[in-house]
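Below is entry_34.cif, which holds mmCIF, C-alpha atoms and all ligand atoms.
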data_data
#
loop_
_atom_site.label_atom_id
_atom_site.label_comp_id
_atom_site.auth_asym_id
_atom_site.auth_seq_id
_atom_site.Cartn_x
_atom_site.Cartn_y
_atom_site.Cartn_z
CA MET A 1 23.55 -58.55 22.82
CA ALA A 2 23.54 -57.60 19.12
CA LYS A 3 26.73 -56.14 17.70
CA ARG A 4 27.02 -52.37 17.83
CA ILE A 5 26.75 -50.76 14.39
CA ALA A 6 29.04 -47.99 13.18
CA VAL A 7 28.97 -45.82 10.07
CA VAL A 8 32.25 -44.26 8.96
CA THR A 9 32.04 -41.64 6.21
CA GLY A 10 35.10 -41.67 3.97
CA GLY A 11 35.46 -45.15 5.45
CA MET A 12 37.69 -46.40 2.62
CA GLY A 13 40.11 -43.45 2.62
CA GLY A 14 43.49 -43.14 4.35
CA ILE A 15 42.32 -42.46 7.91
CA GLY A 16 38.82 -43.87 7.38
CA HIS A 17 40.20 -47.23 6.32
CA ALA A 18 42.16 -47.48 9.60
CA ILE A 19 39.10 -46.37 11.59
CA SER A 20 36.90 -48.98 9.89
CA ARG A 21 39.42 -51.71 10.65
CA GLU A 22 39.99 -50.74 14.27
CA LEU A 23 36.24 -50.59 15.00
CA HIS A 24 35.85 -53.98 13.30
CA ASP A 25 38.65 -55.34 15.50
CA GLN A 26 36.51 -54.32 18.50
CA GLY A 27 33.68 -56.55 17.31
CA ILE A 28 31.62 -53.69 15.87
CA ARG A 29 29.70 -54.08 12.60
CA VAL A 30 31.10 -51.37 10.34
CA ILE A 31 29.50 -49.73 7.35
CA ALA A 32 32.15 -47.95 5.29
CA ALA A 33 30.48 -45.08 3.44
CA TYR A 34 31.92 -44.04 0.09
CA SER A 35 31.50 -41.65 -2.81
CA ARG A 36 33.95 -43.29 -5.23
CA LYS A 37 32.64 -45.42 -8.12
CA HIS A 38 30.64 -48.44 -7.00
CA GLU A 39 33.04 -50.87 -8.70
CA ALA A 40 35.97 -49.34 -6.80
CA ALA A 41 34.05 -49.63 -3.53
CA LEU A 42 33.24 -53.28 -4.24
CA ALA A 43 36.91 -53.95 -5.04
CA TRP A 44 37.93 -52.36 -1.71
CA GLN A 45 35.32 -54.46 0.13
CA GLU A 46 36.58 -57.64 -1.57
CA GLU A 47 40.20 -56.81 -0.75
CA GLN A 48 39.30 -56.30 2.93
CA LYS A 49 37.42 -59.59 3.01
CA LYS A 50 40.58 -61.42 1.93
CA GLU A 51 42.27 -59.96 5.01
CA GLY A 52 39.49 -61.05 7.36
CA TYR A 53 37.52 -57.80 7.44
CA ASN A 54 33.83 -58.13 6.61
CA PHE A 55 32.56 -54.63 5.98
CA ASP A 56 29.19 -53.46 4.78
CA ILE A 57 29.40 -50.55 2.37
CA ALA A 58 27.01 -47.68 1.62
CA TYR A 59 27.04 -44.87 -0.91
CA ALA A 60 26.43 -41.22 -0.06
CA ASP A 61 27.66 -37.96 -1.46
CA VAL A 62 28.10 -36.11 1.84
CA THR A 63 27.61 -32.75 0.11
CA ASP A 64 24.04 -33.78 -0.75
CA PHE A 65 21.47 -33.65 2.08
CA GLN A 66 19.09 -36.10 0.38
CA SER A 67 21.85 -38.54 -0.48
CA CYS A 68 22.81 -38.64 3.22
CA ALA A 69 19.16 -39.13 4.22
CA ASP A 70 18.81 -42.00 1.76
CA MET A 71 21.99 -43.69 3.00
CA ILE A 72 21.00 -43.54 6.67
CA LYS A 73 17.48 -44.80 5.92
CA LYS A 74 18.84 -47.70 3.84
CA ILE A 75 21.31 -48.69 6.57
CA GLU A 76 18.69 -48.55 9.32
CA THR A 77 16.20 -50.54 7.24
CA GLU A 78 18.55 -53.15 5.82
CA ILE A 79 21.22 -53.50 8.52
CA GLY A 80 20.01 -52.03 11.78
CA PRO A 81 20.14 -49.06 14.15
CA ILE A 82 23.25 -46.89 14.03
CA ASP A 83 25.04 -46.66 17.39
CA ILE A 84 28.25 -44.97 16.28
CA LEU A 85 28.72 -42.31 13.62
CA VAL A 86 32.18 -41.22 12.55
CA ASN A 87 32.04 -38.11 10.34
CA ASN A 88 35.40 -38.44 8.64
CA ALA A 89 34.93 -37.55 4.95
CA GLY A 90 36.87 -34.47 3.91
CA ILE A 91 38.87 -32.82 1.17
CA THR A 92 41.29 -29.93 0.67
CA ARG A 93 41.45 -27.34 -2.15
CA ASP A 94 44.31 -25.09 -1.12
CA HIS A 95 44.95 -21.56 -2.44
CA ALA A 96 45.78 -18.27 -0.80
CA CYS A 97 42.55 -16.41 -0.02
CA CYS A 98 43.30 -13.72 -2.62
CA LYS A 99 43.36 -16.41 -5.35
CA MET A 100 40.74 -18.84 -4.09
CA SER A 101 37.74 -19.45 -6.35
CA LYS A 102 34.21 -19.53 -4.97
CA GLU A 103 34.03 -23.15 -6.17
CA ASP A 104 37.00 -24.14 -4.02
CA TRP A 105 35.50 -22.34 -1.04
CA ASP A 106 32.08 -23.92 -1.50
CA ILE A 107 33.21 -27.48 -2.09
CA VAL A 108 35.43 -27.57 1.00
CA ILE A 109 32.78 -26.00 3.23
CA ASN A 110 30.19 -28.43 1.90
CA THR A 111 32.35 -31.56 2.06
CA ASP A 112 34.08 -30.88 5.37
CA LEU A 113 31.46 -28.96 7.36
CA SER A 114 27.92 -29.07 5.94
CA SER A 115 28.35 -32.83 5.54
CA ILE A 116 28.59 -33.22 9.29
CA PHE A 117 25.11 -31.74 9.65
CA TYR A 118 23.75 -33.59 6.61
CA VAL A 119 24.73 -37.04 7.91
CA THR A 120 24.19 -36.45 11.64
CA ARG A 121 20.77 -34.87 11.10
CA HIS A 122 19.43 -38.21 9.87
CA ALA A 123 21.30 -40.48 12.28
CA VAL A 124 20.73 -38.62 15.53
CA ASN A 125 16.96 -39.10 15.86
CA GLY A 126 17.31 -42.88 16.01
CA MET A 127 20.05 -42.50 18.62
CA LYS A 128 17.75 -40.25 20.67
CA GLU A 129 14.91 -42.76 20.48
CA ARG A 130 17.23 -45.53 21.68
CA ASN A 131 18.94 -43.33 24.26
CA TYR A 132 22.40 -44.26 23.09
CA GLY A 133 24.97 -42.95 20.64
CA ARG A 134 28.56 -42.03 19.90
CA ILE A 135 29.22 -39.28 17.36
CA ILE A 136 32.82 -38.55 16.47
CA ASN A 137 33.73 -35.71 14.12
CA ILE A 138 37.13 -35.59 12.45
CA SER A 139 38.46 -32.05 12.38
CA SER A 140 42.12 -30.99 11.98
CA ILE A 141 44.97 -29.17 13.66
CA ASN A 142 44.46 -26.55 10.95
CA GLY A 143 41.01 -25.76 12.30
CA GLN A 144 42.71 -24.94 15.60
CA LYS A 145 45.76 -23.00 14.48
CA GLY A 146 44.87 -21.88 10.94
CA GLN A 147 47.05 -22.69 7.93
CA TYR A 148 48.39 -20.58 5.10
CA GLY A 149 46.50 -21.39 1.89
CA GLN A 150 43.59 -23.00 3.73
CA VAL A 151 41.00 -20.38 4.64
CA ASN A 152 38.33 -22.77 3.36
CA TYR A 153 39.65 -25.85 5.16
CA SER A 154 40.56 -24.04 8.40
CA ALA A 155 37.10 -22.41 8.52
CA ALA A 156 35.33 -25.72 7.90
CA LYS A 157 37.42 -27.61 10.42
CA ALA A 158 37.03 -24.90 13.09
CA GLY A 159 33.28 -24.96 12.45
CA ILE A 160 33.15 -28.68 13.18
CA HIS A 161 33.98 -28.19 16.82
CA GLY A 162 31.26 -25.55 17.20
CA PHE A 163 28.84 -28.13 15.82
CA THR A 164 30.18 -30.77 18.23
CA LYS A 165 29.72 -28.56 21.30
CA ALA A 166 26.20 -27.41 20.37
CA LEU A 167 25.02 -30.93 19.57
CA ALA A 168 26.66 -32.33 22.71
CA LEU A 169 24.43 -29.97 24.73
CA GLU A 170 21.31 -31.04 22.86
CA VAL A 171 21.75 -34.80 23.21
CA ALA A 172 23.55 -35.29 26.53
CA LYS A 173 20.29 -36.24 28.25
CA HIS A 174 19.88 -39.07 25.75
CA HIS A 175 23.24 -40.62 26.71
CA ILE A 176 24.73 -39.63 23.36
CA THR A 177 28.26 -38.30 23.38
CA VAL A 178 29.57 -36.00 20.66
CA ASN A 179 33.27 -35.32 20.32
CA THR A 180 35.82 -33.88 17.92
CA ILE A 181 39.21 -35.32 17.07
CA SER A 182 41.78 -32.92 15.61
CA PRO A 183 44.61 -34.85 13.99
CA GLY A 184 47.85 -33.21 13.03
CA TYR A 185 49.53 -34.31 9.82
CA VAL A 186 48.83 -37.96 9.05
CA ALA A 187 50.68 -40.09 6.50
CA THR A 188 47.83 -40.48 3.99
CA ASP A 189 47.45 -39.55 0.30
CA MET A 190 46.09 -36.13 1.39
CA VAL A 191 49.43 -35.25 3.02
CA MET A 192 51.63 -37.20 0.62
CA ALA A 193 50.14 -34.98 -2.15
CA VAL A 194 51.84 -31.97 -0.48
CA PRO A 195 55.17 -31.24 -2.28
CA GLU A 196 58.05 -33.02 -0.56
CA GLU A 197 59.95 -29.88 0.43
CA ILE A 198 56.86 -28.43 2.11
CA ARG A 199 56.22 -31.76 3.85
CA ALA A 200 59.80 -31.75 5.17
CA LYS A 201 59.24 -28.24 6.57
CA ILE A 202 56.04 -29.40 8.28
CA ILE A 203 57.74 -32.44 9.82
CA ALA A 204 60.55 -30.20 11.10
CA GLN A 205 57.92 -28.33 13.17
CA ILE A 206 56.54 -31.48 14.82
CA PRO A 207 58.14 -32.26 18.21
CA MET A 208 57.66 -36.01 17.61
CA GLY A 209 59.66 -35.56 14.38
CA ARG A 210 57.26 -37.58 12.21
CA LEU A 211 53.78 -37.72 10.71
CA ALA A 212 51.03 -39.59 12.55
CA GLU A 213 50.00 -43.04 11.37
CA PRO A 214 46.29 -43.43 10.49
CA GLU A 215 46.05 -46.15 13.15
CA GLU A 216 46.99 -43.61 15.84
CA VAL A 217 43.90 -41.60 14.93
CA ALA A 218 41.77 -44.73 14.63
CA HIS A 219 42.78 -45.77 18.12
CA VAL A 220 41.32 -42.60 19.64
CA VAL A 221 38.14 -42.98 17.60
CA THR A 222 37.71 -46.46 19.04
CA PHE A 223 38.35 -45.12 22.53
CA LEU A 224 35.61 -42.50 22.14
CA ALA A 225 33.28 -45.03 20.52
CA ASP A 226 33.55 -47.43 23.45
CA GLU A 227 30.37 -48.00 25.45
CA LYS A 228 32.31 -47.44 28.66
CA ASN A 229 33.37 -44.02 27.45
CA SER A 230 30.16 -42.39 28.56
CA TYR A 231 31.25 -39.12 30.18
CA ILE A 232 33.54 -37.48 27.60
CA THR A 233 31.37 -35.17 25.52
CA GLY A 234 31.92 -31.87 23.74
CA ALA A 235 35.67 -32.49 23.85
CA ASN A 236 38.22 -31.78 21.14
CA ILE A 237 41.05 -34.28 21.32
CA ALA A 238 44.25 -33.27 19.56
CA ILE A 239 46.46 -35.99 18.06
CA ASN A 240 49.34 -34.00 16.69
CA GLY A 241 52.66 -35.15 18.15
CA GLY A 242 52.92 -31.91 20.11
CA HIS A 243 52.68 -29.79 16.93
CA TYR A 244 50.10 -27.44 18.45
CA MET A 245 49.16 -27.22 22.12
CA LEU A 246 46.13 -25.27 23.24
P1 LIG B 301 41.55 -39.24 2.07
O1 LIG B 301 41.63 -38.33 0.89
O2 LIG B 301 42.39 -40.46 2.10
O3 LIG B 301 40.04 -39.68 2.32
C1 LIG B 301 39.00 -38.77 2.22
C2 LIG B 301 37.71 -39.53 2.24
O4 LIG B 301 36.63 -38.60 2.11
C3 LIG B 301 37.60 -40.53 1.10
O5 LIG B 301 37.34 -41.81 1.62
C4 LIG B 301 36.42 -40.03 0.27
O6 LIG B 301 35.57 -41.07 -0.16
C5 LIG B 301 35.67 -39.16 1.26
N1 LIG B 301 34.95 -38.12 0.53
C6 LIG B 301 35.45 -37.05 -0.14
N2 LIG B 301 34.47 -36.35 -0.72
C7 LIG B 301 33.30 -36.99 -0.41
C8 LIG B 301 31.95 -36.78 -0.73
N3 LIG B 301 31.53 -35.73 -1.47
N4 LIG B 301 31.03 -37.65 -0.26
C9 LIG B 301 31.41 -38.72 0.50
N5 LIG B 301 32.67 -38.97 0.83
C10 LIG B 301 33.61 -38.12 0.37
O7 LIG B 301 41.86 -38.31 3.31
P2 LIG B 301 42.30 -38.65 4.81
O8 LIG B 301 41.98 -40.05 5.13
O9 LIG B 301 43.65 -38.16 4.98
O10 LIG B 301 41.33 -37.67 5.62
C11 LIG B 301 40.21 -38.13 6.37
C12 LIG B 301 39.73 -36.99 7.26
O11 LIG B 301 40.78 -36.62 8.16
C13 LIG B 301 39.36 -35.72 6.50
O12 LIG B 301 38.24 -35.12 7.09
C14 LIG B 301 40.58 -34.85 6.69
O13 LIG B 301 40.28 -33.48 6.57
C15 LIG B 301 40.98 -35.23 8.10
N6 LIG B 301 42.36 -34.94 8.41
C16 LIG B 301 43.37 -35.48 7.67
C17 LIG B 301 44.68 -35.21 8.02
C18 LIG B 301 45.82 -35.78 7.26
O14 LIG B 301 46.94 -35.37 7.58
N7 LIG B 301 45.63 -36.70 6.34
C19 LIG B 301 45.00 -34.34 9.15
C20 LIG B 301 43.86 -33.83 9.85
C21 LIG B 301 42.60 -34.13 9.49
P3 LIG B 301 35.75 -41.80 -1.59
O15 LIG B 301 37.22 -42.06 -1.75
O16 LIG B 301 34.93 -43.01 -1.51
O17 LIG B 301 35.24 -40.82 -2.61
#
In structure tokens, write the structure found in this file.
Ligand code: NDP
Amino acid sequence: MAKRIAVVTGGMGGIGHAISRELHDQGIRVIAAYSRKHEAALAWQEEQKKEGYNFDIAYADVTDFQSCADMIKKIETEIGPIDILVNNAGITRDHACCKMSKEDWDIVINTDLSSIFYVTRHAVNGMKERNYGRIINISSINGQKGQYGQVNYSAAKAGIHGFTKALALEVAKHHITVNTISPGYVATDMVMAVPEEIRAKIIAQIPMGRLAEPEEVAHVVTFLADEKNSYITGANIAINGGHYML
């Protein structure tokens, strides 16, 4: 049987990098999608190769519907049918609501929420035709509990799970599962950019007493992406060290 094919948006970032590697470890052919400069993406690909990871790479600006369409078409034409889609790209632009600019609102909603539709819209039809698919959307604890200074991010991340549940209903009959993962605070550049004293306060609230490692998130992605995992759909799996329990 041909290797399963996975696309991971933000596949070279902190969590995405770990997801790409863990899927690759499972014998899956992984396309790491990027928006950074092409030279930087090639350098990342080369670096991975030296460590035994052979990734394909593909450019898309996930805030641009046509760019996502072009990427999916190129992958399906040049590499093959997409079995697994991990919608992981995301950003933060934090400010209290009373000071937030429209630009910071728009860019977070577009990058973290609209992107999920933009990419999935083009990948899901092929999955339906083939009667198989795994779609995994990366949300956040802050979409579940809200976070001071993040009305944009919390709204986008909460919206993701609405998308997951609605799409799960639409595609269940095609043996496609759609799930959300909501990580708590993970030790990546996104969290390391938070001032140290604020980070210490966050860690003090986590029962596990530490940040998550990207690999801990990647492990659950791989679990949901597994062929045998055929009956979990519309779920929202929290990975937060006990930080927030629904
Ligand atoms: P990083 O900043 O390390 O990675 C973000 C990724 O998103 C990058 O690979 C980047 O690609 C990609 N990206 C950003 N903008 C665009 C765009 N316009 N088009 C395409 N890709 C884009 O963040 P993390 O790895 O920490 O976060 C990954 C996901 O996990 C995000 O959705 C985040 O919200 C979520 N998350 C993170 C948590 C954390 O604590 N770190 C906690 C909970 C959720 P490139 O570099 O190529 O431009």
Item to check | Within 7 Å of ligand LIG 301 (chain B) (all atoms listed in the file), residues as a PyMOL selection string | outcome: chain A and resi 9-16+33-36+41+60-63+88-92+111-112+138-141+182-191
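Among the candidate residues A:Ile232, A:Ile57, A:Tyr244, A:Ser67, the one lying nearest to Gly146 (chain A) is A:Tyr244, with distances computed using only C-alpha atoms.
Taking all atoms listed in the file into account, Ala58 (chain A) lies nearest to A:Ile72 out of the set A:Ile239, A:Val220, A:Ile72, A:Leu167.
Excluding Leu211 (chain A) itself and same-chain residues fewer than 2 positions from it, the residues having an atom within 12 Å of it are Pro183, Gly184, Tyr185, Val186, Ala187, Thr188, Val191, Met192, Arg199, Ala200, Lys201, Ile202, Ile203, Ala204, Gln205, Ile206, Pro207, Met208, Gly209, Glu213, Pro214, Glu215, Glu216, Val217, Ile239, Asn240, Gly241, Gly242 and His243 of chain A, counting only C-alpha atoms.
You will find CA of Ala225 (chain A) at 10.7 Å from CA of Ile19 (chain A).
Around Gly27 (chain A), within 12 Å and counting all atoms listed in the file, the residues found are Met1, Ala2, Lys3, Arg4, Ile5, Ala6, Ser20, Arg21, Tyr53, Asn54, Phe55, Thr222, Ala225 and Asp226 of chain A, once anything fewer than 6 positions away on its own chain is removed.
Among the candidates A:His24, A:Lys49, A:Arg134, A:His122, the one nearest to Ala172 (chain A) when counting only C-alpha atoms is A:Arg134.
The smallest atom-to-atom distance between Met71 (chain A) and any of A:Glu47, A:Thr120, A:Asn137, A:Ala40, using all atoms listed in the file, is found for A:Thr120.
CA of Val30 (chain A) is found 10.3 Å from CA of Ile79 (chain A).
In this structure, CA of Lys99 (chain A) sits 20.1 Å away from CA of Gly143 (chain A).
Nearest to Asp106 (chain A) of all the residues A:Val86, A:Ala156, A:Ile75, A:Ala18 is A:Ala156, based on only C-alpha atoms.
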Write a file for region 59-71 of chain A, containing all heavy atoms (output as an mmCIF file, in the first residue's frame).
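The result, written out as selection21.cif:
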data_model
loop_
_atom_site.group_PDB
_atom_site.id
_atom_site.type_symbol
_atom_site.label_atom_id
_atom_site.label_comp_id
_atom_site.auth_asym_id
_atom_site.auth_seq_id
_atom_site.Cartn_x
_atom_site.Cartn_y
_atom_site.Cartn_z
ATOM 1 N N TYR A 59 4.583 25.913 -0.259
ATOM 2 C CA TYR A 59 4.266 27.285 0.187
ATOM 3 C C TYR A 59 2.766 27.559 0.127
ATOM 4 O O TYR A 59 2.098 27.215 -0.848
ATOM 5 C CB TYR A 59 4.981 28.322 -0.707
ATOM 6 C CG TYR A 59 4.515 29.728 -0.396
ATOM 7 C CD1 TYR A 59 5.093 30.438 0.647
ATOM 8 C CD2 TYR A 59 3.456 30.309 -1.095
ATOM 9 C CE1 TYR A 59 4.634 31.705 0.979
ATOM 10 C CE2 TYR A 59 2.995 31.579 -0.768
ATOM 11 C CZ TYR A 59 3.585 32.264 0.277
ATOM 12 O OH TYR A 59 3.125 33.505 0.610
ATOM 13 N N ALA A 60 2.246 28.178 1.168
ATOM 14 C CA ALA A 60 0.918 28.810 1.098
ATOM 15 C C ALA A 60 0.827 29.862 2.183
ATOM 16 O O ALA A 60 1.280 29.648 3.305
ATOM 17 C CB ALA A 60 -0.201 27.795 1.293
ATOM 18 N N ASP A 61 0.256 31.001 1.815
ATOM 19 C CA ASP A 61 -0.141 31.978 2.830
ATOM 20 C C ASP A 61 -1.556 31.573 3.235
ATOM 21 O O ASP A 61 -2.492 31.693 2.438
ATOM 22 C CB ASP A 61 -0.127 33.382 2.226
ATOM 23 C CG ASP A 61 -0.669 34.427 3.195
ATOM 24 O OD1 ASP A 61 -1.121 34.055 4.312
ATOM 25 O OD2 ASP A 61 -0.660 35.614 2.838
ATOM 26 N N VAL A 62 -1.705 31.085 4.463
ATOM 27 C CA VAL A 62 -3.012 30.526 4.853
ATOM 28 C C VAL A 62 -4.100 31.586 5.024
ATOM 29 O O VAL A 62 -5.265 31.251 5.218
ATOM 30 C CB VAL A 62 -2.925 29.644 6.136
ATOM 31 C CG1 VAL A 62 -2.072 28.412 5.905
ATOM 32 C CG2 VAL A 62 -2.459 30.449 7.349
ATOM 33 N N THR A 63 -3.715 32.869 4.918
ATOM 34 C CA THR A 63 -4.740 33.922 4.975
ATOM 35 C C THR A 63 -5.297 34.219 3.578
ATOM 36 O O THR A 63 -6.135 35.102 3.426
ATOM 37 C CB THR A 63 -4.182 35.226 5.586
ATOM 38 O OG1 THR A 63 -3.189 35.768 4.698
ATOM 39 C CG2 THR A 63 -3.571 34.996 6.952
ATOM 40 N N ASP A 64 -4.792 33.509 2.582
ATOM 41 C CA ASP A 64 -5.150 33.784 1.190
ATOM 42 C C ASP A 64 -5.804 32.537 0.585
ATOM 43 O O ASP A 64 -5.146 31.516 0.389
ATOM 44 C CB ASP A 64 -3.861 34.171 0.442
ATOM 45 C CG ASP A 64 -4.103 34.483 -1.026
ATOM 46 O OD1 ASP A 64 -5.079 33.972 -1.605
ATOM 47 O OD2 ASP A 64 -3.292 35.228 -1.590
ATOM 48 N N PHE A 65 -7.100 32.648 0.314
ATOM 49 C CA PHE A 65 -7.892 31.502 -0.175
ATOM 50 C C PHE A 65 -7.263 30.879 -1.424
ATOM 51 O O PHE A 65 -7.114 29.658 -1.527
ATOM 52 C CB PHE A 65 -9.314 31.995 -0.480
ATOM 53 C CG PHE A 65 -10.304 30.920 -0.807
ATOM 54 C CD1 PHE A 65 -10.752 30.036 0.158
ATOM 55 C CD2 PHE A 65 -10.828 30.814 -2.097
ATOM 56 C CE1 PHE A 65 -11.698 29.048 -0.151
ATOM 57 C CE2 PHE A 65 -11.768 29.833 -2.415
ATOM 58 C CZ PHE A 65 -12.201 28.950 -1.432
ATOM 59 N N GLN A 66 -6.850 31.742 -2.376
ATOM 60 C CA GLN A 66 -6.303 31.222 -3.632
ATOM 61 C C GLN A 66 -4.952 30.556 -3.422
ATOM 62 O O GLN A 66 -4.654 29.519 -4.028
ATOM 63 C CB GLN A 66 -6.200 32.363 -4.671
ATOM 64 C CG GLN A 66 -5.893 31.875 -6.080
ATOM 65 C CD GLN A 66 -6.914 30.846 -6.585
ATOM 66 O OE1 GLN A 66 -8.122 31.033 -6.449
ATOM 67 N NE2 GLN A 66 -6.427 29.721 -7.144
ATOM 68 N N SER A 67 -4.162 31.131 -2.528
ATOM 69 C CA SER A 67 -2.850 30.545 -2.242
ATOM 70 C C SER A 67 -3.019 29.129 -1.672
ATOM 71 O O SER A 67 -2.274 28.201 -2.023
ATOM 72 C CB SER A 67 -2.111 31.456 -1.246
ATOM 73 O OG SER A 67 -0.870 30.924 -0.886
ATOM 74 N N CYS A 68 -4.028 28.954 -0.827
ATOM 75 C CA CYS A 68 -4.300 27.615 -0.258
ATOM 76 C C CYS A 68 -4.773 26.663 -1.356
ATOM 77 O O CYS A 68 -4.347 25.504 -1.414
ATOM 78 C CB CYS A 68 -5.353 27.709 0.849
ATOM 79 S SG CYS A 68 -4.791 28.693 2.251
ATOM 80 N N ALA A 69 -5.636 27.168 -2.245
ATOM 81 C CA ALA A 69 -6.124 26.339 -3.365
ATOM 82 C C ALA A 69 -4.949 25.887 -4.225
ATOM 83 O O ALA A 69 -4.842 24.712 -4.594
ATOM 84 C CB ALA A 69 -7.117 27.135 -4.205
ATOM 85 N N ASP A 70 -4.053 26.829 -4.523
ATOM 86 C CA ASP A 70 -2.905 26.510 -5.387
ATOM 87 C C ASP A 70 -2.011 25.463 -4.730
ATOM 88 O O ASP A 70 -1.523 24.547 -5.396
ATOM 89 C CB ASP A 70 -2.078 27.777 -5.674
ATOM 90 C CG ASP A 70 -2.854 28.796 -6.500
ATOM 91 O OD1 ASP A 70 -3.894 28.418 -7.087
ATOM 92 O OD2 ASP A 70 -2.429 29.970 -6.544
ATOM 93 N N MET A 71 -1.799 25.617 -3.413
ATOM 94 C CA MET A 71 -0.922 24.659 -2.719
ATOM 95 C C MET A 71 -1.517 23.254 -2.767
ATOM 96 O O MET A 71 -0.827 22.284 -3.098
ATOM 97 C CB MET A 71 -0.709 25.064 -1.250
ATOM 98 C CG MET A 71 0.096 24.013 -0.486
ATOM 99 S SD MET A 71 0.337 24.388 1.245
ATOM 100 C CE MET A 71 -1.285 24.074 1.933
#
